[in-house]
2 protein chains.
Amino acid sequence: MNIGDAARASGVSAKMIRYYETTGLIPAAARTGAGYRSYGEREVQILRFVRRARDLGFPVVTIRELLALWGDRARHSADVKRLALDHVDALERKIDEMQAMAVTLRHLSEACCDDDRPDCPILEDLGRSAGRQGAKAAGPI
Amino acid sequence: MNIGDAARASGVSAKMIRYYETTGLIPAAARTGAGYRSYGEREVQILRFVRRARDLGFPVVTIRELLALWGDRARHSADVKRLALDHVDALERKIDEMQAMAVTLRHLSEACCDDDRPDCPILEDLGRSAGRQGAKAAGPI
DNA sequence: CTTGACCTTCCCATCATGGGAAACCCTATC
DNA sequence: GATAGGGTTTCCCATGATGGGAAGGTCAAG
């Protein structure tokens, strides 16, 4: 199987397969006489694993650990679970941040008259200097 | 005011101020005889605007539009509102994606025995080839 | 005049991904 | 056997927003 077939079979683009190989996430593929990378079912399996983990939002560093555990028959499932739950925590932190942004923006938008007049609470919020966002180091000197 | 003071007063790092200047997001600062960038209240105000917009998750391209509207006394508030609500939509799409990931991972983790045995539904999910994730182009030829 | 803090530009790195060029290879058709 | 088309290789560059750091110039206080 050439890289294009492996890409189609795994859902990982050929570009990314090469990238994963150079960064050591996946082992280097065997080569044909002409230098083409060659893949079998086993390799496609690994690529699918990576693809699925990416779809679940795991960063590549964590996928590296997951792959290692996957290949370790003496693994402790608790280690896998910890990686998964740590990632869930990270996801939830980001979700909370974004929800806070969305709530603020919805509030401001509700108060916006939404017509051809220039008055706009959104711009007023962004432009008001009262926030003193940068005050951490600019406090009373 | 030098760039360091402007950074402290606005909450935008000196590095980012220079970056915003080179990308044209903010106008080039005036220079002292020695070539130092010089900032006044007006410029700090702009930087705070950018900072607040970044905190609300707006991408820089959109901040560019927001800044233009901010400076346009003939603006229509509806245009601002549209930018804000489009961004809320984008946030919500990402939130939904991440929540789906978190839900899947929590389900899998609940089923994980969480001890020193190797059996793990998380790895089983990642490794199962039944998914055929890459099947879009690999279907019946 | 020295010292330390500040400023300048320039380059590099992140993270995961894509685009594109130049060269090479393989297969099918003529 | 020649040619065309599509696949593959490596290499370089770009993204977006941010930080790190080096080499060198500047300013203000002592």
# chains A, B, ... in the order shown; residues from 1 in each chain; ligands from 1
call {"tool": "residues_around", "arguments": {"residues": "DT8 (chain C)", "least_positions_apart": "6", "cutoff": "9 Å", "atoms": "only C-alpha atoms (C1' of nucleotides)", "output": "list in words"}}
result
Gly35 and Tyr36 of chain B; DG24 and DG25 of chain D
call {"tool": "closest_atom_pairs", "arguments": {"of": "chain A", "to": "chain D", "cutoff": "12 Å", "atoms": "only C-alpha atoms (C1' of nucleotides)", "output": "JSON lines"}}
result
{"residue": "A:Met1", "atom": "CA", "partner": "D:DG7", "partner_atom": "C1'", "distance": 12.0}
{"residue": "A:Asn2", "atom": "CA", "partner": "D:DT8", "partner_atom": "C1'", "distance": 8.6}
{"residue": "A:Ile3", "atom": "CA", "partner": "D:DT8", "partner_atom": "C1'", "distance": 8.2}
{"residue": "A:Gly4", "atom": "CA", "partner": "D:DG7", "partner_atom": "C1'", "distance": 7.8}
{"residue": "A:Asp5", "atom": "CA", "partner": "D:DG7", "partner_atom": "C1'", "distance": 10.3}
{"residue": "A:Ala14", "atom": "CA", "partner": "D:DT8", "partner_atom": "C1'", "distance": 10.1}
{"residue": "A:Lys15", "atom": "CA", "partner": "D:DT8", "partner_atom": "C1'", "distance": 11.4}
{"residue": "A:Arg18", "atom": "CA", "partner": "D:DT9", "partner_atom": "C1'", "distance": 10.6}
{"residue": "A:Arg31", "atom": "CA", "partner": "D:DT9", "partner_atom": "C1'", "distance": 11.3}
{"residue": "A:Thr32", "atom": "CA", "partner": "D:DT8", "partner_atom": "C1'", "distance": 11.2}
{"residue": "A:Ala34", "atom": "CA", "partner": "D:DT8", "partner_atom": "C1'", "distance": 9.3}
{"residue": "A:Gly35", "atom": "CA", "partner": "D:DT9", "partner_atom": "C1'", "distance": 7.5}
{"residue": "A:Tyr36", "atom": "CA", "partner": "D:DT8", "partner_atom": "C1'", "distance": 6.3}
{"residue": "A:Arg37", "atom": "CA", "partner": "D:DT8", "partner_atom": "C1'", "distance": 8.5}
{"residue": "A:Ser38", "atom": "CA", "partner": "D:DT8", "partner_atom": "C1'", "distance": 11.1}
call {"tool": "write_last_selection", "arguments": {"atoms": "C-alpha atoms", "output": "tab-separated table (two decimals), in the first residue's frame"}}
result
chain	number	residue	atom	x	y	z
A	1	MET	CA	0.00	0.00	0.00
A	2	ASN	CA	1.39	3.41	-0.96
A	3	ILE	CA	1.01	6.46	1.22
A	4	GLY	CA	-2.02	7.70	-0.70
A	5	ASP	CA	-3.88	4.43	-0.09
A	14	ALA	CA	-0.34	11.89	3.31
A	15	LYS	CA	1.22	15.13	4.48
A	18	ARG	CA	5.01	12.02	6.71
A	31	ARG	CA	10.37	1.59	1.65
A	32	THR	CA	10.06	0.04	-1.77
A	34	ALA	CA	12.08	3.23	-5.52
A	35	GLY	CA	11.90	4.83	-2.09
A	36	TYR	CA	8.11	4.82	-1.80
A	37	ARG	CA	6.73	4.34	1.69
A	38	SER	CA	4.92	1.04	2.07
call {"tool": "calpha_fit_and_write", "arguments": {"fixed": "chain B", "moving": "chain A", "output": "compact mmCIF listing (two decimals) with N, CA and C atoms, in the first residue's frame"}}
result
# COMPACT_ATOMS: atom_id res chain seq x y z
N MET A 1 5.68 58.10 26.67
CA MET A 1 5.61 56.75 27.20
C MET A 1 6.34 55.79 26.27
N ASN A 2 7.27 55.02 26.82
CA ASN A 2 7.95 54.01 26.00
C ASN A 2 7.08 52.77 25.85
N ILE A 3 7.55 51.83 25.04
CA ILE A 3 6.73 50.67 24.75
C ILE A 3 6.47 49.82 25.99
N GLY A 4 7.44 49.78 26.89
CA GLY A 4 7.27 48.99 28.11
C GLY A 4 6.16 49.55 28.97
N ASP A 5 6.10 50.88 29.08
CA ASP A 5 5.04 51.52 29.86
C ASP A 5 3.69 51.30 29.20
N ALA A 6 3.67 51.41 27.88
CA ALA A 6 2.41 51.19 27.15
C ALA A 6 1.96 49.74 27.33
N ALA A 7 2.91 48.83 27.35
CA ALA A 7 2.58 47.42 27.56
C ALA A 7 1.95 47.23 28.93
N ARG A 8 2.59 47.79 29.95
CA ARG A 8 2.04 47.65 31.30
C ARG A 8 0.68 48.33 31.42
N ALA A 9 0.54 49.48 30.77
CA ALA A 9 -0.71 50.22 30.89
C ALA A 9 -1.86 49.57 30.11
N SER A 10 -1.53 48.78 29.10
CA SER A 10 -2.58 48.21 28.26
C SER A 10 -2.80 46.72 28.47
N GLY A 11 -1.79 46.06 29.03
CA GLY A 11 -1.91 44.61 29.17
C GLY A 11 -1.51 43.86 27.90
N VAL A 12 -0.99 44.57 26.92
CA VAL A 12 -0.49 43.94 25.70
C VAL A 12 1.03 43.92 25.79
N SER A 13 1.65 42.79 25.57
CA SER A 13 3.10 42.71 25.70
C SER A 13 3.79 43.56 24.64
N ALA A 14 4.99 44.01 24.95
CA ALA A 14 5.75 44.82 24.00
C ALA A 14 5.92 44.07 22.69
N LYS A 15 6.19 42.79 22.81
CA LYS A 15 6.33 41.97 21.59
C LYS A 15 5.09 42.07 20.72
N MET A 16 3.94 41.94 21.35
CA MET A 16 2.70 41.95 20.58
C MET A 16 2.40 43.34 20.03
N ILE A 17 2.77 44.37 20.77
CA ILE A 17 2.55 45.73 20.26
C ILE A 17 3.32 45.90 18.96
N ARG A 18 4.58 45.48 18.95
CA ARG A 18 5.38 45.58 17.72
C ARG A 18 4.77 44.75 16.60
N TYR A 19 4.33 43.56 16.97
CA TYR A 19 3.71 42.67 15.97
C TYR A 19 2.45 43.30 15.38
N TYR A 20 1.60 43.85 16.23
CA TYR A 20 0.37 44.49 15.74
C TYR A 20 0.72 45.65 14.83
N GLU A 21 1.81 46.32 15.14
CA GLU A 21 2.20 47.45 14.31
C GLU A 21 2.67 46.96 12.93
N THR A 22 3.51 45.93 12.91
CA THR A 22 4.01 45.47 11.61
C THR A 22 2.89 44.88 10.76
N THR A 23 1.89 44.28 11.37
CA THR A 23 0.81 43.72 10.58
C THR A 23 -0.26 44.76 10.25
N GLY A 24 -0.06 45.98 10.74
CA GLY A 24 -0.99 47.04 10.37
C GLY A 24 -2.27 47.05 11.18
N LEU A 25 -2.35 46.23 12.22
CA LEU A 25 -3.56 46.26 13.04
C LEU A 25 -3.68 47.60 13.75
N ILE A 26 -2.57 48.12 14.22
CA ILE A 26 -2.55 49.44 14.85
C ILE A 26 -1.61 50.33 14.04
N PRO A 27 -1.83 51.63 14.08
CA PRO A 27 -0.94 52.52 13.32
C PRO A 27 0.46 52.51 13.93
N ALA A 28 1.45 52.82 13.09
CA ALA A 28 2.83 52.88 13.55
C ALA A 28 2.97 53.97 14.60
N ALA A 29 3.66 53.66 15.67
CA ALA A 29 3.84 54.63 16.75
C ALA A 29 4.83 55.71 16.32
N ALA A 30 4.69 56.88 16.93
CA ALA A 30 5.68 57.94 16.73
C ALA A 30 7.01 57.47 17.32
N ARG A 31 8.11 58.09 16.85
CA ARG A 31 9.43 57.69 17.34
C ARG A 31 10.14 58.88 17.97
N THR A 32 10.90 58.59 19.00
CA THR A 32 11.77 59.61 19.58
C THR A 32 13.01 59.75 18.70
N GLY A 33 13.84 60.70 19.03
CA GLY A 33 15.05 60.89 18.26
C GLY A 33 15.90 59.63 18.18
N ALA A 34 15.90 58.87 19.26
CA ALA A 34 16.72 57.66 19.31
C ALA A 34 16.05 56.47 18.64
N GLY A 35 14.83 56.67 18.12
CA GLY A 35 14.15 55.57 17.46
C GLY A 35 13.22 54.80 18.37
N TYR A 36 13.08 55.21 19.61
CA TYR A 36 12.14 54.55 20.52
C TYR A 36 10.71 54.87 20.12
N ARG A 37 9.84 53.85 20.22
CA ARG A 37 8.42 54.12 19.98
C ARG A 37 7.87 54.94 21.14
N SER A 38 6.95 55.84 20.81
CA SER A 38 6.40 56.73 21.83
C SER A 38 4.88 56.63 21.84
N TYR A 39 4.31 56.47 23.02
CA TYR A 39 2.86 56.27 23.13
C TYR A 39 2.22 57.30 24.04
N GLY A 40 1.01 57.66 23.70
CA GLY A 40 0.22 58.55 24.54
C GLY A 40 -1.04 57.83 25.00
N GLU A 41 -1.91 58.57 25.69
CA GLU A 41 -3.13 57.96 26.20
C GLU A 41 -3.98 57.36 25.09
N ARG A 42 -4.03 58.08 23.98
CA ARG A 42 -4.84 57.63 22.84
C ARG A 42 -4.38 56.25 22.35
N GLU A 43 -3.08 56.08 22.22
CA GLU A 43 -2.54 54.82 21.72
C GLU A 43 -2.79 53.69 22.72
N VAL A 44 -2.64 54.02 24.00
CA VAL A 44 -2.89 53.01 25.03
C VAL A 44 -4.35 52.58 24.98
N GLN A 45 -5.21 53.53 24.73
CA GLN A 45 -6.65 53.25 24.58
C GLN A 45 -6.87 52.21 23.48
N ILE A 46 -6.23 52.42 22.35
CA ILE A 46 -6.37 51.47 21.24
C ILE A 46 -5.86 50.09 21.66
N LEU A 47 -4.72 50.09 22.33
CA LEU A 47 -4.15 48.80 22.75
C LEU A 47 -5.08 48.08 23.71
N ARG A 48 -5.69 48.85 24.60
CA ARG A 48 -6.63 48.24 25.54
C ARG A 48 -7.83 47.65 24.80
N PHE A 49 -8.28 48.37 23.78
CA PHE A 49 -9.38 47.87 22.95
C PHE A 49 -9.00 46.51 22.35
N VAL A 50 -7.82 46.46 21.77
CA VAL A 50 -7.36 45.22 21.15
C VAL A 50 -7.28 44.12 22.20
N ARG A 51 -6.72 44.46 23.34
CA ARG A 51 -6.56 43.48 24.40
C ARG A 51 -7.91 42.91 24.85
N ARG A 52 -8.84 43.79 25.03
CA ARG A 52 -10.17 43.35 25.48
C ARG A 52 -10.83 42.48 24.40
N ALA A 53 -10.67 42.87 23.14
CA ALA A 53 -11.26 42.07 22.07
C ALA A 53 -10.60 40.70 22.00
N ARG A 54 -9.30 40.64 22.19
CA ARG A 54 -8.61 39.35 22.22
C ARG A 54 -9.13 38.51 23.38
N ASP A 55 -9.32 39.14 24.52
CA ASP A 55 -9.82 38.41 25.69
C ASP A 55 -11.21 37.83 25.41
N LEU A 56 -11.94 38.49 24.54
CA LEU A 56 -13.26 37.96 24.18
C LEU A 56 -13.16 36.96 23.04
N GLY A 57 -11.94 36.64 22.64
CA GLY A 57 -11.74 35.58 21.67
C GLY A 57 -11.83 35.99 20.21
N PHE A 58 -11.99 37.29 19.95
CA PHE A 58 -12.07 37.72 18.55
C PHE A 58 -10.75 37.44 17.84
N PRO A 59 -10.81 36.88 16.65
CA PRO A 59 -9.57 36.76 15.86
C PRO A 59 -9.12 38.14 15.41
N VAL A 60 -7.84 38.25 15.11
CA VAL A 60 -7.28 39.56 14.81
C VAL A 60 -7.95 40.18 13.58
N VAL A 61 -8.30 39.37 12.60
CA VAL A 61 -8.97 39.92 11.41
C VAL A 61 -10.25 40.66 11.80
N THR A 62 -10.97 40.11 12.75
CA THR A 62 -12.21 40.75 13.17
C THR A 62 -11.92 41.99 14.00
N ILE A 63 -10.86 41.93 14.80
CA ILE A 63 -10.51 43.10 15.58
C ILE A 63 -10.20 44.27 14.65
N ARG A 64 -9.60 43.94 13.52
CA ARG A 64 -9.33 44.98 12.52
C ARG A 64 -10.64 45.67 12.13
N GLU A 65 -11.66 44.90 11.88
CA GLU A 65 -12.95 45.48 11.49
C GLU A 65 -13.56 46.26 12.66
N LEU A 66 -13.43 45.69 13.86
CA LEU A 66 -14.00 46.38 15.02
C LEU A 66 -13.32 47.72 15.24
N LEU A 67 -12.01 47.75 15.07
CA LEU A 67 -11.29 49.01 15.23
C LEU A 67 -11.76 50.03 14.21
N ALA A 68 -11.97 49.56 12.98
CA ALA A 68 -12.43 50.48 11.93
C ALA A 68 -13.79 51.04 12.29
N LEU A 69 -14.68 50.19 12.76
CA LEU A 69 -16.02 50.65 13.14
C LEU A 69 -15.94 51.60 14.34
N TRP A 70 -15.07 51.28 15.25
CA TRP A 70 -14.91 52.11 16.45
C TRP A 70 -14.54 53.53 16.05
N GLY A 71 -13.71 53.63 15.03
CA GLY A 71 -13.25 54.95 14.62
C GLY A 71 -14.15 55.61 13.60
N ASP A 72 -15.24 54.95 13.26
CA ASP A 72 -16.13 55.49 12.22
C ASP A 72 -17.39 56.04 12.88
N ARG A 73 -17.46 57.36 12.93
CA ARG A 73 -18.60 57.95 13.64
C ARG A 73 -19.92 57.73 12.90
N ALA A 74 -19.84 57.34 11.62
CA ALA A 74 -21.06 57.07 10.85
C ALA A 74 -21.38 55.58 10.82
N ARG A 75 -20.78 54.82 11.69
CA ARG A 75 -21.00 53.37 11.68
C ARG A 75 -22.46 53.03 11.97
N HIS A 76 -22.82 51.83 11.56
CA HIS A 76 -24.14 51.29 11.91
C HIS A 76 -23.92 50.26 13.00
N SER A 77 -24.60 50.43 14.10
CA SER A 77 -24.39 49.50 15.20
C SER A 77 -24.72 48.07 14.77
N ALA A 78 -25.58 47.93 13.78
CA ALA A 78 -25.94 46.59 13.31
C ALA A 78 -24.71 45.84 12.80
N ASP A 79 -23.77 46.59 12.20
CA ASP A 79 -22.56 45.94 11.70
C ASP A 79 -21.74 45.37 12.84
N VAL A 80 -21.64 46.14 13.91
CA VAL A 80 -20.90 45.67 15.07
C VAL A 80 -21.57 44.43 15.64
N LYS A 81 -22.88 44.52 15.75
CA LYS A 81 -23.63 43.40 16.34
C LYS A 81 -23.45 42.13 15.51
N ARG A 82 -23.44 42.29 14.20
CA ARG A 82 -23.26 41.12 13.35
C ARG A 82 -21.91 40.47 13.60
N LEU A 83 -20.85 41.29 13.69
CA LEU A 83 -19.53 40.73 13.97
C LEU A 83 -19.54 39.98 15.29
N ALA A 84 -20.18 40.59 16.28
CA ALA A 84 -20.20 39.96 17.60
C ALA A 84 -20.96 38.64 17.56
N LEU A 85 -22.12 38.66 16.90
CA LEU A 85 -22.93 37.44 16.91
C LEU A 85 -22.33 36.34 16.03
N ASP A 86 -21.66 36.74 14.95
CA ASP A 86 -20.94 35.74 14.16
C ASP A 86 -19.88 35.06 15.02
N HIS A 87 -19.22 35.87 15.83
CA HIS A 87 -18.18 35.30 16.69
C HIS A 87 -18.80 34.39 17.74
N VAL A 88 -19.95 34.79 18.26
CA VAL A 88 -20.64 33.92 19.22
C VAL A 88 -20.97 32.58 18.56
N ASP A 89 -21.41 32.63 17.31
CA ASP A 89 -21.70 31.38 16.60
C ASP A 89 -20.46 30.50 16.51
N ALA A 90 -19.35 31.13 16.13
CA ALA A 90 -18.11 30.36 16.01
C ALA A 90 -17.73 29.75 17.36
N LEU A 91 -17.87 30.55 18.41
CA LEU A 91 -17.56 30.03 19.75
C LEU A 91 -18.45 28.83 20.06
N GLU A 92 -19.73 28.97 19.75
CA GLU A 92 -20.65 27.89 20.10
C GLU A 92 -20.37 26.62 19.31
N ARG A 93 -19.97 26.80 18.07
CA ARG A 93 -19.62 25.60 17.29
C ARG A 93 -18.44 24.88 17.94
N LYS A 94 -17.45 25.65 18.33
CA LYS A 94 -16.28 25.01 18.95
C LYS A 94 -16.65 24.39 20.29
N ILE A 95 -17.48 25.09 21.03
CA ILE A 95 -17.92 24.56 22.32
C ILE A 95 -18.64 23.22 22.12
N ASP A 96 -19.52 23.18 21.13
CA ASP A 96 -20.26 21.94 20.87
C ASP A 96 -19.31 20.79 20.52
N GLU A 97 -18.36 21.09 19.64
CA GLU A 97 -17.37 20.07 19.28
C GLU A 97 -16.66 19.52 20.51
N MET A 98 -16.20 20.45 21.34
CA MET A 98 -15.42 20.02 22.50
C MET A 98 -16.28 19.29 23.51
N GLN A 99 -17.54 19.71 23.61
CA GLN A 99 -18.42 19.00 24.53
C GLN A 99 -18.67 17.58 24.07
N ALA A 100 -18.79 17.41 22.74
CA ALA A 100 -18.97 16.06 22.22
C ALA A 100 -17.76 15.19 22.55
N MET A 101 -16.57 15.78 22.39
CA MET A 101 -15.35 15.04 22.75
C MET A 101 -15.38 14.65 24.23
N ALA A 102 -15.71 15.62 25.05
CA ALA A 102 -15.70 15.37 26.50
C ALA A 102 -16.71 14.30 26.89
N VAL A 103 -17.88 14.35 26.27
CA VAL A 103 -18.91 13.35 26.58
C VAL A 103 -18.40 11.95 26.22
N THR A 104 -17.85 11.82 25.02
CA THR A 104 -17.33 10.51 24.61
C THR A 104 -16.26 10.03 25.58
N LEU A 105 -15.35 10.93 25.93
CA LEU A 105 -14.24 10.51 26.79
C LEU A 105 -14.74 10.17 28.19
N ARG A 106 -15.73 10.89 28.65
CA ARG A 106 -16.26 10.56 29.98
C ARG A 106 -16.93 9.20 29.97
N HIS A 107 -17.70 8.93 28.92
CA HIS A 107 -18.33 7.61 28.80
C HIS A 107 -17.29 6.50 28.82
N LEU A 108 -16.29 6.66 27.97
CA LEU A 108 -15.26 5.63 27.89
C LEU A 108 -14.55 5.48 29.23
N SER A 109 -14.30 6.60 29.89
CA SER A 109 -13.55 6.56 31.15
C SER A 109 -14.37 5.89 32.25
N GLU A 110 -15.68 6.12 32.21
CA GLU A 110 -16.51 5.49 33.22
C GLU A 110 -16.43 3.97 33.14
N ALA A 111 -16.30 3.48 31.90
CA ALA A 111 -16.25 2.03 31.71
C ALA A 111 -14.86 1.47 31.96
N CYS A 112 -13.91 2.34 32.27
CA CYS A 112 -12.52 1.90 32.45
C CYS A 112 -12.31 1.50 33.89
N CYS A 113 -11.73 0.32 34.09
CA CYS A 113 -11.67 -0.23 35.45
C CYS A 113 -10.74 0.58 36.36
N ASP A 114 -9.84 1.35 35.80
CA ASP A 114 -9.05 2.27 36.61
C ASP A 114 -8.15 1.56 37.62
N ASP A 115 -7.48 0.50 37.23
CA ASP A 115 -6.54 -0.16 38.14
C ASP A 115 -5.32 -0.63 37.35
N ASP A 116 -4.65 -1.67 37.86
CA ASP A 116 -3.41 -2.07 37.20
C ASP A 116 -3.61 -3.12 36.12
N ARG A 117 -4.86 -3.42 35.80
CA ARG A 117 -5.08 -4.37 34.71
C ARG A 117 -4.99 -3.63 33.37
N PRO A 118 -4.61 -4.32 32.34
CA PRO A 118 -4.39 -3.62 31.06
C PRO A 118 -5.68 -3.37 30.27
N ASP A 119 -6.74 -4.07 30.56
CA ASP A 119 -7.95 -3.95 29.76
C ASP A 119 -8.51 -2.54 29.88
N CYS A 120 -8.79 -1.94 28.73
CA CYS A 120 -9.17 -0.53 28.78
C CYS A 120 -10.06 -0.18 27.60
N PRO A 121 -11.31 0.18 27.88
CA PRO A 121 -12.23 0.52 26.79
C PRO A 121 -11.79 1.75 26.02
N ILE A 122 -11.00 2.60 26.65
CA ILE A 122 -10.54 3.80 25.94
C ILE A 122 -9.62 3.40 24.78
N LEU A 123 -8.62 2.60 25.10
CA LEU A 123 -7.71 2.14 24.04
C LEU A 123 -8.44 1.26 23.04
N GLU A 124 -9.40 0.50 23.53
CA GLU A 124 -10.16 -0.34 22.60
C GLU A 124 -10.91 0.53 21.59
N ASP A 125 -11.49 1.60 22.09
CA ASP A 125 -12.19 2.51 21.18
C ASP A 125 -11.23 3.11 20.17
N LEU A 126 -10.11 3.62 20.65
CA LEU A 126 -9.15 4.25 19.75
C LEU A 126 -8.62 3.25 18.73
N GLY A 127 -8.43 2.01 19.15
CA GLY A 127 -7.78 1.04 18.28
C GLY A 127 -8.71 0.24 17.40
N ARG A 128 -9.97 0.28 17.70
CA ARG A 128 -10.86 -0.56 16.90
C ARG A 128 -10.90 -0.04 15.47
N SER A 129 -10.81 -0.96 14.54
CA SER A 129 -10.76 -0.55 13.13
C SER A 129 -12.15 -0.48 12.53
N ALA A 130 -13.14 -0.86 13.33
CA ALA A 130 -14.50 -0.88 12.81
C ALA A 130 -14.97 0.50 12.38
N GLY A 131 -14.35 1.53 12.92
CA GLY A 131 -14.82 2.88 12.66
C GLY A 131 -14.82 3.26 11.19
N ARG A 132 -13.81 2.81 10.43
CA ARG A 132 -13.72 3.16 9.01
C ARG A 132 -13.78 4.67 8.84
N GLN A 133 -13.04 5.37 9.73
CA GLN A 133 -13.06 6.83 9.68
C GLN A 133 -12.66 7.34 8.31
N GLY A 134 -11.74 6.66 7.67
CA GLY A 134 -11.22 7.18 6.41
C GLY A 134 -11.99 6.67 5.22
N ALA A 135 -13.21 6.24 5.44
CA ALA A 135 -13.94 5.54 4.40
C ALA A 135 -14.49 6.47 3.33
N LYS A 136 -14.36 7.78 3.53
CA LYS A 136 -14.99 8.66 2.56
C LYS A 136 -14.52 8.40 1.14
N ALA A 137 -13.21 8.25 0.97
CA ALA A 137 -12.70 8.03 -0.37
C ALA A 137 -12.33 6.57 -0.60
N ALA A 138 -12.48 5.74 0.41
CA ALA A 138 -12.05 4.36 0.27
C ALA A 138 -13.24 3.42 0.14
N GLY A 139 -14.36 3.96 -0.18
CA GLY A 139 -15.57 3.15 -0.30
C GLY A 139 -15.46 2.14 -1.43
N PRO A 140 -16.57 1.52 -1.80
CA PRO A 140 -16.55 0.54 -2.87
C PRO A 140 -15.98 1.16 -4.13
N ILE A 141 -14.86 0.69 -4.55
CA ILE A 141 -14.20 1.26 -5.72
C ILE A 141 -14.87 0.67 -6.95
call {"tool": "closest_atom_pairs", "arguments": {"of": "chain C", "to": "chain B", "cutoff": "12 Å", "atoms": "only C-alpha atoms (C1' of nucleotides)", "output": "tab-separated table"}}
result
residue	atom	partner	partner_atom	distance
C:DA5	C1'	B:Gly4	CA	11.1
C:DC6	C1'	B:Gly4	CA	8.1
C:DC7	C1'	B:Tyr36	CA	6.2
C:DT8	C1'	B:Tyr36	CA	7.4
C:DT9	C1'	B:Arg18	CA	10.8
call {"tool": "select_by_dssp", "arguments": {"residues": "chain A", "states": "strand (DSSP E or B)", "output": "list in words"}}
result
Ala30, Arg31, Arg37 and Ser38 of chain A
call {"tool": "write_last_selection", "arguments": {"atoms": "C-alpha atoms", "output": "PDB file, in the first residue's frame"}}
result
ATOM      1  CA  ALA A  30       9.215   0.473   5.101  1.00  0.00           C
ATOM      2  CA  ARG A  31      10.374   1.595   1.653  1.00  0.00           C
ATOM      3  CA  ARG A  37       6.733   4.337   1.694  1.00  0.00           C
ATOM      4  CA  SER A  38       4.918   1.042   2.070  1.00  0.00           C
TER       5      SER A  38
END
call {"tool": "select_by_dssp", "arguments": {"residues": "chain A", "states": "helix (DSSP H, G or I)", "output": "PyMOL selection string"}}
result
chain A and resi 3-10+14-22+41-55+60-70+77-110+121-127+129-131+135-138
